[in-house]
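Engineer: So I've got this file, protein-v8.txt, and it contains compact mmCIF, C-alpha atoms:
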# COMPACT_ATOMS: atom_id res chain seq x y z
CA MET A 435 -28.35 -28.83 -16.12
CA PHE A 436 -27.95 -26.65 -13.03
CA PHE A 437 -26.85 -29.58 -10.97
CA ARG A 438 -24.60 -28.52 -8.13
CA THR A 439 -23.64 -25.03 -9.01
CA ILE A 440 -22.88 -21.83 -7.19
CA PHE A 441 -24.98 -19.06 -8.64
CA ALA A 442 -23.92 -15.83 -7.00
CA LEU A 443 -22.10 -14.15 -4.13
CA ILE A 444 -23.08 -11.02 -2.22
CA ILE A 445 -21.05 -9.32 0.48
CA ILE A 446 -22.77 -6.95 2.90
CA ASN A 447 -20.87 -4.61 5.23
CA LYS A 448 -21.70 -3.99 8.89
CA ALA A 449 -24.04 -1.15 8.07
CA GLY A 450 -26.10 -3.23 5.65
CA GLY A 451 -24.61 -1.76 2.51
CA LEU A 452 -23.87 -3.91 -0.53
CA ILE A 453 -20.12 -3.92 -1.11
CA TYR A 454 -19.77 -6.77 -3.58
CA ASN A 455 -21.95 -8.81 -5.86
CA LYS A 456 -20.99 -11.27 -8.51
CA THR A 457 -22.96 -13.76 -10.60
CA PHE A 458 -21.10 -16.92 -11.55
CA HIS A 459 -23.79 -18.80 -13.40
CA GLU A 460 -26.06 -16.87 -15.74
CA ALA A 461 -28.90 -19.38 -16.00
CA GLY A 462 -29.44 -20.07 -12.30
CA LEU A 463 -31.11 -16.91 -11.10
CA ASN A 464 -33.06 -14.21 -12.87
CA LYS A 465 -31.23 -10.98 -13.39
CA ILE A 466 -32.22 -8.14 -11.12
CA SER A 467 -31.06 -4.55 -11.32
CA THR A 468 -28.23 -3.16 -9.21
CA ASN A 469 -30.77 -1.14 -7.31
CA ASP A 470 -32.68 -4.31 -6.44
CA TYR A 471 -29.45 -5.87 -5.22
CA LEU A 472 -28.94 -2.90 -2.91
CA VAL A 473 -32.49 -3.29 -1.59
CA LEU A 474 -31.98 -7.03 -1.16
CA ALA A 475 -28.79 -6.44 0.84
CA GLY A 476 -30.42 -3.83 3.06
CA THR A 477 -33.53 -5.94 3.63
CA PHE A 478 -31.55 -9.05 4.42
CA HIS A 479 -29.46 -7.07 6.87
CA GLY A 480 -32.61 -5.97 8.69
CA VAL A 481 -34.16 -9.41 8.74
CA HIS A 482 -30.91 -10.88 9.98
CA ALA A 483 -30.77 -8.34 12.80
CA ILE A 484 -34.29 -9.27 13.91
CA THR A 485 -33.66 -13.03 13.72
CA THR A 486 -30.63 -12.67 16.00
CA ARG A 487 -33.10 -11.36 18.63
CA LEU A 488 -35.35 -14.37 18.19
CA ASN A 489 -32.73 -16.86 19.24
CA PRO A 490 -32.48 -17.15 23.06
CA VAL A 491 -29.01 -16.90 24.56
CA LYS A 492 -27.79 -20.17 26.06
CA ALA A 493 -27.58 -19.50 29.79
CA PRO A 494 -26.43 -22.86 31.31
CA SER A 495 -23.08 -22.97 29.55
CA ASN A 496 -22.36 -19.59 31.13
CA ARG A 497 -22.74 -20.95 34.66
CA THR A 498 -20.43 -23.95 34.16
CA SER A 499 -17.70 -21.75 32.86
CA MET A 500 -18.07 -19.50 35.91
CA GLN A 501 -17.38 -22.50 38.12
CA SER A 502 -14.15 -23.31 36.37
CA GLY A 503 -13.05 -19.78 37.07
CA ILE A 504 -12.77 -18.64 33.48
CA LEU A 505 -15.11 -15.88 32.43
CA THR A 506 -16.50 -16.64 29.02
CA ARG A 507 -19.23 -14.93 27.16
CA PRO A 508 -21.85 -17.12 25.53
CA ASP A 509 -21.70 -17.25 21.75
CA PRO A 510 -23.70 -14.41 20.30
CA PRO A 511 -26.93 -15.55 18.67
CA SER A 512 -26.23 -16.20 15.02
CA GLY A 513 -29.51 -15.28 13.39
CA LEU A 514 -30.60 -16.38 9.96
CA GLU A 515 -28.16 -18.82 8.42
CA VAL A 516 -29.88 -20.67 5.61
CA LEU A 517 -32.83 -19.77 3.44
CA GLU A 518 -34.17 -22.35 1.04
CA SER A 519 -36.52 -22.01 -1.85
CA GLU A 520 -37.60 -24.45 -4.50
CA ASN A 521 -34.84 -23.43 -6.87
CA PHE A 522 -32.00 -22.10 -4.80
CA ARG A 523 -30.46 -22.13 -1.39
CA LEU A 524 -29.09 -19.03 0.30
CA GLN A 525 -26.39 -19.51 2.89
CA CYS A 526 -25.28 -16.64 5.10
CA PHE A 527 -21.97 -16.48 6.91
CA THR A 528 -21.41 -13.64 9.39
CA THR A 529 -17.86 -12.83 10.39
CA LEU A 530 -16.92 -11.69 13.88
CA THR A 531 -16.62 -8.18 12.52
CA GLY A 532 -20.17 -8.23 11.22
CA ILE A 533 -19.56 -8.66 7.51
CA LYS A 534 -22.02 -11.00 5.83
CA PHE A 535 -21.23 -13.32 2.96
CA LEU A 536 -24.31 -14.53 1.12
CA LEU A 537 -23.90 -17.43 -1.25
CA PHE A 538 -26.69 -18.45 -3.62
CA THR A 539 -26.34 -22.08 -4.65
CA ASP A 540 -28.26 -24.94 -6.09
CA THR A 541 -30.48 -26.70 -3.50
CA THR A 542 -28.35 -29.86 -3.63
CA GLN A 543 -25.01 -28.12 -3.29
CA ALA A 544 -22.79 -29.74 -0.66
CA ASN A 545 -20.06 -28.29 1.55
CA VAL A 546 -21.31 -24.74 1.19
CA ASP A 547 -19.92 -23.76 4.59
CA LEU A 548 -16.45 -24.82 3.46
CA THR A 549 -16.79 -22.86 0.25
CA ILE A 550 -17.93 -19.77 2.09
CA ARG A 551 -15.06 -20.01 4.56
CA ARG A 552 -12.61 -20.24 1.70
CA ILE A 553 -14.19 -17.13 0.20
CA TYR A 554 -13.80 -15.39 3.55
CA GLU A 555 -10.13 -16.35 3.54
CA MET A 556 -9.73 -14.86 0.08
CA TYR A 557 -11.49 -11.72 1.25
CA SER A 558 -9.12 -11.34 4.18
CA ASP A 559 -6.13 -11.94 1.90
CA TYR A 560 -6.87 -10.03 -1.26
CA VAL A 561 -9.15 -7.30 0.07
CA MET A 562 -7.97 -6.60 3.59
CA LYS A 563 -4.26 -6.70 2.71
CA ASN A 564 -4.73 -4.43 -0.28
CA PRO A 565 -3.40 -0.95 0.47
CA PHE A 566 -5.92 0.66 -1.86
CA TYR A 567 -9.06 -0.75 -0.26
CA GLN A 568 -11.00 1.47 2.10
CA LEU A 569 -13.00 -0.28 4.79
CA GLU A 570 -16.78 -0.50 4.28
CA MET A 571 -16.46 0.65 0.67
CA PRO A 572 -17.39 -1.38 -2.42
CA ILE A 573 -14.76 -3.99 -3.27
CA ARG A 574 -12.90 -3.32 -6.49
CA CYS A 575 -9.86 -5.58 -6.38
CA ASP A 576 -8.72 -7.35 -9.53
CA MET A 577 -6.80 -9.91 -7.57
CA PHE A 578 -9.84 -10.86 -5.46
CA ASP A 579 -12.02 -11.14 -8.57
CA ARG A 580 -9.50 -13.32 -10.31
CA LYS A 581 -8.92 -15.73 -7.43
CA LEU A 582 -12.60 -15.95 -6.60
CA LEU A 583 -13.61 -16.68 -10.19
CA SER A 584 -11.05 -19.42 -10.65
CA TYR A 585 -12.04 -21.00 -7.33
CA ILE A 586 -15.77 -20.98 -8.12
CA ARG A 587 -15.17 -22.19 -11.67
CA GLU A 588 -13.28 -25.15 -10.26
CA ILE A 589 -16.25 -26.05 -8.03
CA ASN A 590 -18.88 -25.51 -10.73
CA ASN A 591 -17.03 -27.69 -13.22
CA ARG A 592 -16.56 -30.54 -10.82
CA MET B 1154 27.60 -20.41 26.85
CA SER B 1155 30.67 -22.39 25.75
CA HIS B 1156 30.61 -20.10 22.73
CA LEU B 1157 31.11 -17.01 24.84
CA ALA B 1158 33.90 -18.52 26.89
CA ALA B 1159 35.84 -19.54 23.78
CA GLY B 1160 35.56 -16.02 22.38
CA LYS B 1161 36.89 -14.55 25.59
CA THR B 1162 40.09 -16.56 25.77
CA ALA B 1163 40.90 -15.90 22.12
CA GLY B 1164 40.32 -12.20 22.65
CA ALA B 1165 42.56 -12.11 25.70
CA LYS B 1166 45.49 -13.45 23.69
CA GLU B 1167 45.13 -10.75 21.04
CA ALA B 1168 45.12 -8.07 23.70
CA ALA B 1169 43.35 -4.85 22.76
CA GLY B 1170 41.22 -4.17 19.72
CA LEU B 1171 38.09 -5.82 18.32
CA ARG B 1172 37.45 -9.28 19.63
CA TYR B 1173 36.04 -12.01 17.46
CA PRO B 1174 34.64 -15.38 18.51
CA SER B 1175 37.15 -18.17 17.89
CA ASN B 1176 35.07 -19.73 15.13
CA GLY B 1177 35.11 -16.46 13.22
CA LYS B 1178 31.33 -16.10 13.21
CA THR B 1179 29.94 -12.78 14.35
CA ILE B 1180 26.29 -11.91 14.93
CA TYR B 1181 26.17 -10.72 11.33
CA HIS B 1182 26.75 -14.22 10.01
CA ARG B 1183 23.44 -15.57 11.17
CA PRO B 1184 19.94 -14.23 10.94
CA LEU B 1185 18.52 -13.10 14.28
CA ASN B 1186 15.57 -15.35 13.61
CA ARG B 1187 16.76 -18.83 14.60
CA THR B 1188 13.78 -20.85 13.37
CA LYS B 1189 14.54 -23.63 10.95
CA THR B 1190 13.91 -21.77 7.71
CA ALA B 1191 14.42 -18.28 9.18
CA GLU B 1192 11.26 -17.16 7.46
CA LEU B 1193 8.81 -14.49 8.52
CA SER B 1194 5.06 -14.47 8.24
CA GLN B 1195 3.94 -13.28 4.83
CA SER B 1196 0.71 -11.95 6.31
CA SER B 1197 2.45 -9.65 8.73
CA PHE B 1198 4.66 -8.42 5.94
CA ALA B 1199 1.61 -7.85 3.75
CA TYR B 1200 -0.03 -5.71 6.44
CA LEU B 1201 3.18 -3.78 7.06
CA PHE B 1202 3.70 -3.19 3.35
CA SER B 1203 0.10 -2.13 2.97
CA GLU B 1204 0.65 0.52 5.65
CA MET B 1205 3.89 1.59 3.99
CA VAL B 1206 2.06 2.19 0.72
CA THR B 1207 -0.71 4.08 2.50
CA TYR B 1208 1.90 6.16 4.30
CA ALA B 1209 3.74 6.94 1.08
CA GLN B 1210 0.43 7.92 -0.50
CA ARG B 1211 -0.14 10.77 1.91
CA ARG B 1212 0.28 14.24 0.42
CA VAL B 1213 1.61 13.01 -2.91
CA THR B 1214 0.47 14.72 -6.07
CA GLY B 1215 1.05 11.98 -8.60
CA ILE B 1216 1.91 8.37 -9.22
CA GLN B 1217 5.53 9.21 -10.05
CA GLU B 1218 5.98 10.89 -6.71
CA LEU B 1219 4.42 7.91 -4.94
CA GLU B 1220 6.81 5.53 -6.70
CA LYS B 1221 9.69 7.84 -5.81
CA ARG B 1222 8.74 7.63 -2.14
CA LEU B 1223 8.47 3.84 -2.21
CA ASN B 1224 11.82 3.78 -3.95
CA LEU B 1225 13.34 5.92 -1.18
CA GLN B 1226 11.95 3.56 1.47
CA GLY B 1227 13.78 0.66 -0.14
CA HIS B 1228 17.08 2.41 -0.87
CA PRO B 1229 18.70 2.17 2.60
CA ILE B 1230 17.71 -1.51 2.81
CA GLY B 1231 19.66 -2.19 -0.37
CA LEU B 1232 22.74 -0.33 0.88
CA LYS B 1233 22.79 -2.39 4.08
CA LEU B 1234 21.94 -5.70 2.44
CA LEU B 1235 24.94 -5.45 0.14
CA ASP B 1236 27.32 -5.33 3.10
CA LEU B 1237 25.44 -7.94 5.10
CA LEU B 1238 25.25 -10.52 2.32
CA LEU B 1239 28.88 -10.00 1.31
CA ILE B 1240 30.07 -10.62 4.88
CA ARG B 1241 28.12 -13.87 4.89
CA GLU B 1242 29.82 -15.10 1.72
CA PRO B 1243 32.72 -17.55 2.22
CA ALA B 1244 35.97 -15.64 2.74
CA ARG B 1245 37.48 -16.29 -0.70
CA SER B 1246 34.49 -15.01 -2.66
CA GLN B 1247 33.97 -12.07 -0.35
CA THR B 1248 34.70 -9.38 -2.94
CA ARG B 1249 32.09 -6.89 -3.98
CA PRO B 1250 30.91 -7.27 -7.59
CA LEU B 1251 33.36 -5.55 -9.93
CA ASN B 1252 31.50 -5.57 -13.22
CA ILE B 1253 27.90 -5.10 -14.26
CA ILE B 1254 27.17 -8.73 -14.98
CA SER B 1255 28.48 -10.04 -11.66
CA LEU B 1256 26.59 -7.27 -9.85
CA LEU B 1257 23.33 -8.20 -11.56
CA HIS B 1258 23.92 -11.88 -10.85
CA PHE B 1259 24.53 -11.05 -7.23
CA ILE B 1260 21.18 -9.23 -7.17
CA LYS B 1261 19.32 -11.92 -9.09
CA ILE B 1262 20.65 -14.76 -6.95
CA ASN B 1263 21.85 -13.63 -3.50
CA ILE B 1264 19.63 -10.62 -2.85
CA TRP B 1265 16.49 -12.31 -4.19
CA GLN B 1266 17.22 -15.52 -2.31
CA HIS B 1267 17.70 -13.60 0.91
CA LEU B 1268 14.61 -11.43 0.54
CA PHE B 1269 12.12 -13.70 -1.18
CA GLY B 1270 13.44 -17.24 -0.76
CA ARG B 1271 13.93 -17.79 -4.49
CA GLN B 1272 15.88 -16.37 -7.39
CA ALA B 1273 14.59 -13.74 -9.80
CA ASP B 1274 13.11 -15.29 -12.93
CA ARG B 1275 15.20 -13.70 -15.66
CA LEU B 1276 18.00 -11.29 -16.39
CA GLU B 1277 18.10 -9.44 -19.70
CA LYS B 1278 20.10 -6.80 -21.46
CA SER B 1279 18.25 -4.19 -23.43
CA SER B 1280 18.23 -5.20 -27.09
CA ASN B 1281 17.84 -1.60 -28.17
CA PRO B 1282 21.27 -0.34 -29.41
CA ASP B 1283 20.39 3.21 -28.27
CA THR B 1284 20.21 2.16 -24.64
CA PRO B 1285 23.19 -0.08 -23.89
CA ASP B 1286 23.03 1.15 -20.29
CA GLU B 1287 19.73 -0.60 -19.55
CA TYR B 1288 19.37 -4.03 -18.00
CA MET B 1289 16.23 -5.82 -16.91
CA ILE B 1290 15.54 -8.09 -13.95
CA VAL B 1291 12.28 -9.96 -14.41
CA ASP B 1292 10.12 -11.28 -11.58
CA ASN B 1293 6.98 -13.16 -12.58
CA GLU B 1294 5.13 -12.50 -9.36
CA PRO B 1295 6.82 -10.12 -6.94
CA LEU B 1296 6.24 -11.07 -3.32
CA VAL B 1297 5.45 -7.50 -2.32
CA ASN B 1298 2.57 -7.39 -4.81
CA ALA B 1299 1.07 -10.72 -3.68
CA TYR B 1300 -2.05 -9.08 -2.25
CA VAL B 1301 -1.99 -5.71 -3.96
CA SER B 1302 -4.61 -4.82 -6.56
CA VAL B 1303 -3.90 -1.43 -8.08
CA PRO B 1304 -7.08 0.52 -8.87
CA ARG B 1305 -7.77 1.27 -12.51
CA GLU B 1306 -7.20 5.00 -12.26
CA MET B 1307 -3.66 4.32 -11.01
CA SER B 1308 -2.80 1.62 -13.51
CA GLN B 1309 0.65 3.18 -14.07
CA LEU B 1310 1.63 2.35 -10.51
CA ASN B 1311 3.59 -0.71 -9.51
CA CYS B 1312 4.21 -1.04 -5.76
CA ALA B 1313 7.32 -3.11 -6.49
CA ALA B 1314 8.94 0.34 -6.77
CA PHE B 1315 9.94 -0.49 -3.21
CA VAL B 1316 11.96 -3.48 -4.45
CA ALA B 1317 13.37 -1.26 -7.22
CA GLY B 1318 14.60 1.01 -4.44
CA ILE B 1319 16.35 -1.93 -2.78
CA ILE B 1320 18.07 -2.81 -6.07
CA GLU B 1321 19.07 0.82 -6.52
CA GLY B 1322 20.55 0.81 -3.03
CA VAL B 1323 22.62 -2.29 -3.82
CA CYS B 1324 23.88 -0.76 -7.09
CA ASP B 1325 24.74 2.55 -5.42
CA GLY B 1326 26.47 0.78 -2.54
CA ALA B 1327 28.60 -1.25 -4.95
CA ALA B 1328 29.64 1.99 -6.71
CA PHE B 1329 27.53 1.36 -9.78
CA PRO B 1330 25.19 4.35 -9.57
CA ALA B 1331 21.94 3.55 -11.33
CA ARG B 1332 18.26 4.47 -11.57
CA VAL B 1333 15.94 1.51 -11.07
CA THR B 1334 12.22 1.54 -11.88
CA ALA B 1335 9.53 -1.12 -11.71
CA HIS B 1336 7.13 -1.70 -14.60
CA SER B 1337 4.14 -4.05 -14.86
CA VAL B 1338 4.22 -6.05 -18.06
CA GLY B 1339 1.68 -8.80 -17.31
CA GLY B 1340 -1.36 -8.92 -19.57
CA LYS B 1341 -4.74 -8.09 -18.11
CA GLU B 1342 -6.64 -10.74 -20.09
CA GLU B 1343 -8.17 -13.70 -18.37
CA GLY B 1344 -6.12 -16.87 -18.28
CA GLU B 1345 -2.91 -14.86 -18.24
CA MET B 1346 -0.14 -16.96 -16.71
CA TRP B 1347 1.60 -14.14 -14.83
CA PRO B 1348 -0.70 -11.15 -14.46
CA GLY B 1349 1.64 -9.53 -11.94
CA LYS B 1350 4.81 -9.91 -13.99
CA THR B 1351 7.19 -7.06 -13.24
CA VAL B 1352 10.32 -5.81 -14.97
CA PHE B 1353 12.91 -3.92 -12.94
CA LEU B 1354 14.64 -1.61 -15.38
CA VAL B 1355 18.19 -0.86 -14.24
CA LYS B 1356 19.64 2.16 -16.00
CA PHE B 1357 23.29 2.73 -15.11
CA GLN B 1358 24.90 6.16 -15.14
CA PRO B 1359 27.17 6.86 -18.15
CA GLU B 1360 30.35 6.79 -16.04
CA VAL B 1361 29.64 3.19 -15.07
CA LEU B 1362 29.62 2.13 -18.73
CA GLU B 1363 32.70 4.18 -19.42
CA ARG B 1364 34.57 2.38 -16.64
CA GLU B 1365 33.20 -0.97 -17.78
CA ALA B 1366 34.58 -0.31 -21.29
CA LEU B 1367 38.01 0.58 -19.86
CA ILE B 1368 38.12 -2.59 -17.77
CA GLY B 1369 37.07 -4.65 -20.75
CA ARG B 1370 39.94 -3.27 -22.83
CA ALA B 1371 42.58 -3.97 -20.20
Using the file provided, produce a representation of the structure as structure tokens.

Structural biologist:
Amino acid sequence: MFFRTIFALIIINKAGGLIYNKTFHEAGLNKISTNDYLVLAGTFHGVHAITTRLNPVKAPSNRTSMQSGILTRPDPPSGLEVLESENFRLQCFTTLTGIKFLLFTDTTQANVDLTIRRIYEMYSDYVMKNPFYQLEMPIRCDMFDRKLLSYIREINNR
Amino acid sequence: MSHLAAGKTAGAKEAAGLRYPSNGKTIYHRPLNRTKTAELSQSSFAYLFSEMVTYAQRRVTGIQELEKRLNLQGHPIGLKLLDLLLIREPARSQTRPLNIISLLHFIKINIWQHLFGRQADRLEKSSNPDTPDEYMIVDNEPLVNAYVSVPREMSQLNCAAFVAGIIEGVCDGAAFPARVTAHSVGGKEEGEMWPGKTVFLVKFQPEVLEREALIGRA
């Protein structure tokens, strides 16, 4: 019944505030209150910050690049990327600007990273290019909602 | 380089005055952008337009004033486009539009093609007998609104007021003074084909219709 579906999307700003949440599939996850969503976003933000500290920075690649004469910084540690439970899978995508996209999917869902990238593209189109959106504030853009819903519906009905 | 040389000799023969290249093409005949399709990045336009809207929004008291400001930003573009696109027409059809219908066709086809790479979707005359001075240009999804979501408390606003300003500039430049406004007519329901559908209402001044009637009689 819930085979290969995307359940929900959460977007967290750099400060750990919830700026967007949307449920696409009613039966997949239990409903929690808006307040709980805010707590979830804040908690995840904190956990993510700690996990980035856990991951050691790759030193050797730094030295080779020094030899070639080009100064490059090693990739920043990425932190928590996937969290799996018996019934759902949570994938996190952090943008270079520190915004986190959290996608709750079925455990067998494939190509989640592609989906999440496409969502990021939509975010940069329909949210960032909207003159009425203020940075770091909750996202209320009809156009973004509409495009996102039709994209997710297409995937869920596949 | 051969281009320049040719222009020089032709100019020398004609002595003083303006000099034209021998093939008759001036810099106004070609876009400055020489890429194949002469197109610009839609993203950069979207960011620029977004800043223009934000700029127009400063110190305005209402939505009407905001639309007025967007309209004013577009007006000079329209005035200049009229001249530019007419000079690019082939010499025999290089007359400015002389009646309302040819003016509106010029806007629907030439102006739209130049600005947005396609024609406007429809042209209509007001069916209301009380307002014979009103014409409508319909665009199903205006390019300027491609990434714009208007917040609910400003639902009256349509940022295509900027394009309305361009149309107004063209009409004014062609000596057809008019007021042009943009109105959203797309339904908000889900599954709507064209949620961003916009009507540009062109309301000509009474003297334009008076003149039109005189021409029609002659």

Engineer: May I have the residues of chain B within 7 Å of chain A, counting only C-alpha atoms, written as a VMD selection string?

Structural biologist: chain B and resid 1199 to 1200 1203 to 1204 1206 to 1207 1300 to 1303

Engineer: Generate the output file for the selected residues, C-alpha atoms, as a compact mmCIF listing (two decimals), in the coordinates of the input.

Structural biologist:
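Heads up, here's the output in out_10.txt:
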# COMPACT_ATOMS: atom_id res chain seq x y z
CA ALA B 1199 1.61 -7.85 3.75
CA TYR B 1200 -0.03 -5.71 6.44
CA SER B 1203 0.10 -2.13 2.97
CA GLU B 1204 0.65 0.52 5.65
CA VAL B 1206 2.06 2.19 0.72
CA THR B 1207 -0.71 4.08 2.50
CA TYR B 1300 -2.05 -9.08 -2.25
CA VAL B 1301 -1.99 -5.71 -3.96
CA SER B 1302 -4.61 -4.82 -6.56
CA VAL B 1303 -3.90 -1.43 -8.08

Engineer: Please provide as a ChimeraX atom specification all residues within 8 Å of segment 522-533 of chain A, with the sequence filter that same-chain residues fewer than 3 positions apart are discarded (counting only C-alpha atoms).

Structural biologist: /A:445-448,512,514-519,536-541,546-547,550

Engineer: What separation in Å, quoted to one decimal, exists between atom CA of Lys1278 of chain B and atom CA of Pro1330 of chain B?

Structural biologist: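 A separation of 17.1 Å between them.
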
Engineer: Could you check the closest approach to Arg1364 of chain B for each of B:Thr1284, B:Asn1186, B:Asn1252, B:Gln1266 and tell me which residue wins, using only C-alpha atoms?

Structural biologist: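 Closest to Arg1364 of chain B, using only C-alpha atoms: B:Asn1252.
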
Engineer: Return as AutoDock Vina command-line options the centre and edge lengths, in Å with one decimal, of the box along x, y and z that encloses every atom of segment 481-486 of chain A in the file, padded by 3 Å per side.

Structural biologist:
--center_x -32.5 --center_y -10.7 --center_z 12.4 --size_x 9.7 --size_y 10.7 --size_z 13.3

Engineer: Please measure the separation of atom CA of Arg1183 of chain B and atom CA of Asn1293 of chain B, giving the value in Å to one decimal.

Structural biologist: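 Answer for the atom CA of Arg1183 of chain B to atom CA of Asn1293 of chain B separation: 29.0 Å.
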
Engineer: Quick one, how far is atom CA of Asn1263 of chain B from atom CA of Asp1286 of chain B?

Structural biologist: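 Interatomic distance, atom CA of Asn1263 of chain B to atom CA of Asp1286 of chain B: 22.4 Å.
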
Engineer: Between B:His1336, B:Val1361, B:His1267, B:Lys1261, which is the closest to Thr1190 of chain B once you count all atoms listed in the file?

Structural biologist: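 Closest to Thr1190 of chain B of all the choices is B:His1267.
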
Engineer: Report as a PyMOL selection string all protein, DNA and RNA residues lying within 12 Å of Gly1322 of chain B, evaluated on all atoms listed in the file, omitting residues in the same chain fewer than 3 positions from it.

Structural biologist: chain B and resi 1224-1236+1260+1264+1315-1319+1325-1333+1355

Engineer: Got a sec to write segment 511-527 of chain A of the block to a file, N, CA and C atoms, as a tab-separated table (two decimals), in the first residue's frame?

Structural biologist:
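And here is the file that came out, part.tsv:
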chain	number	residue	atom	x	y	z
A	511	PRO	N	32.82	18.71	6.54
A	511	PRO	CA	32.17	17.48	6.93
A	511	PRO	C	30.66	17.62	6.78
A	512	SER	N	30.02	16.57	6.29
A	512	SER	CA	28.62	16.72	5.91
A	512	SER	C	27.65	16.46	7.05
A	513	GLY	N	28.08	15.67	8.03
A	513	GLY	CA	27.13	15.38	9.11
A	513	GLY	C	26.08	14.36	8.70
A	514	LEU	N	25.06	14.28	9.52
A	514	LEU	CA	24.00	13.29	9.34
A	514	LEU	C	23.34	13.43	7.97
A	515	GLU	N	23.29	12.32	7.23
A	515	GLU	CA	22.67	12.40	5.92
A	515	GLU	C	21.41	11.55	5.81
A	516	VAL	N	21.46	10.35	6.36
A	516	VAL	CA	20.30	9.47	6.25
A	516	VAL	C	19.98	8.90	7.62
A	517	LEU	N	18.70	8.80	7.91
A	517	LEU	CA	18.27	8.20	9.16
A	517	LEU	C	17.17	7.20	8.79
A	518	GLU	N	17.39	5.95	9.18
A	518	GLU	CA	16.40	4.95	8.78
A	518	GLU	C	15.69	4.34	9.97
A	519	SER	N	14.42	4.16	9.83
A	519	SER	CA	13.68	3.44	10.86
A	519	SER	C	12.97	2.29	10.15
A	520	GLU	N	12.19	1.55	10.92
A	520	GLU	CA	11.52	0.40	10.34
A	520	GLU	C	10.54	0.82	9.24
A	521	ASN	N	9.90	1.97	9.46
A	521	ASN	CA	8.81	2.36	8.57
A	521	ASN	C	9.09	3.54	7.64
A	522	PHE	N	10.13	4.26	7.93
A	522	PHE	CA	10.43	5.36	7.01
A	522	PHE	C	11.93	5.62	6.96
A	523	ARG	N	12.29	6.42	5.98
A	523	ARG	CA	13.68	6.78	5.79
A	523	ARG	C	13.71	8.29	5.71
A	524	LEU	N	14.66	8.90	6.41
A	524	LEU	CA	14.76	10.35	6.41
A	524	LEU	C	16.06	10.73	5.75
A	525	GLN	N	15.97	11.44	4.64
A	525	GLN	CA	17.17	11.89	3.96
A	525	GLN	C	17.34	13.38	4.16
A	526	CYS	N	18.57	13.79	4.46
A	526	CYS	CA	18.83	15.22	4.69
A	526	CYS	C	19.77	15.73	3.61
A	527	PHE	N	19.46	16.87	3.06
A	527	PHE	CA	20.33	17.50	2.07
A	527	PHE	C	20.64	18.91	2.56
